[in-house]
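Worksheet for the structure shown next.
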Amino acid sequence: MDEWIKQLAMLLAGSIVIQITPIKINPWTWLFKWIGEQLNGDLKKEVISIGKTVDQNEIDRIRYEIMDFANSCRNHRQHTKEEYHHIVDINTKYHRLIKKHGIENGVLDTEYAI
């Protein structure tokens, strides 16, 4: 068993200096990458989950804003050119988000048409 540990230690120490050419093998890079993935795996999942929640909140906010704008148009409220441009911009953003998450549009296109 002691001999095996010595050989492993020599291999690891030699890998610091030895680089096989043309195939570049760096066991330290692989080892540190693997350790990083083990340590950060749960963190990555949490960040992805938070991103989905933020996107869902943004989708809800945009839906409300477009429906509110459509309702104000139905009630003959006057709007500026900039307000119309803003609605066009956020509708584009809305469609990009629902496509990203595979969400069905529903009735918002009808409201947007108004």
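FYI, nothing fancy with the structure tokens labels: chains A, B, ... in order, residues from 1 per chain, ligands from 1 as they appear.
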
Would you pick out the contacts of Glu83 (chain A) at 12 Å or less, using only C-alpha atoms, so that residues sharing its chain but fewer than 5 positions from it are not included, and give the list as a ChimeraX atom specification? /A:65-66,69-70,72-73,77-78,88-90

For His86 (chain A), the nearest of the candidates A:Ile98, A:Met10, A:Ile62, A:Val54, counting only C-alpha atoms: A:Ile62

Nearest residue to Arg63 (chain A) from the set A:Asp109, A:Glu37, A:Glu46, A:Glu82 (distances using only C-alpha atoms):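 That would be A:Asp109, the residue with the smallest distance to Arg63 (chain A).
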
Residues of region 11-114 of chain A in helix (DSSP H, G or I) according to DSSP, as a PyMOL selection string? chain A and resi 11-17+27-74+81-101+108-113

Find the spatial neighbours of Asn105 (chain A), counting only C-alpha atoms, within a cut-off of 12 Å - ignore same-chain residues fewer than 2 positions away - and output them as a PyMOL selection string. chain A and resi 59-60+63+91+94-99+101-103+107-112

Go through A:Ile114, A:Ala9, A:Leu39, A:Val47 and flag the residue nearest Asp68 (chain A), using only C-alpha atoms for the distances.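 So, comparing all the options, the nearest one is A:Ile114.
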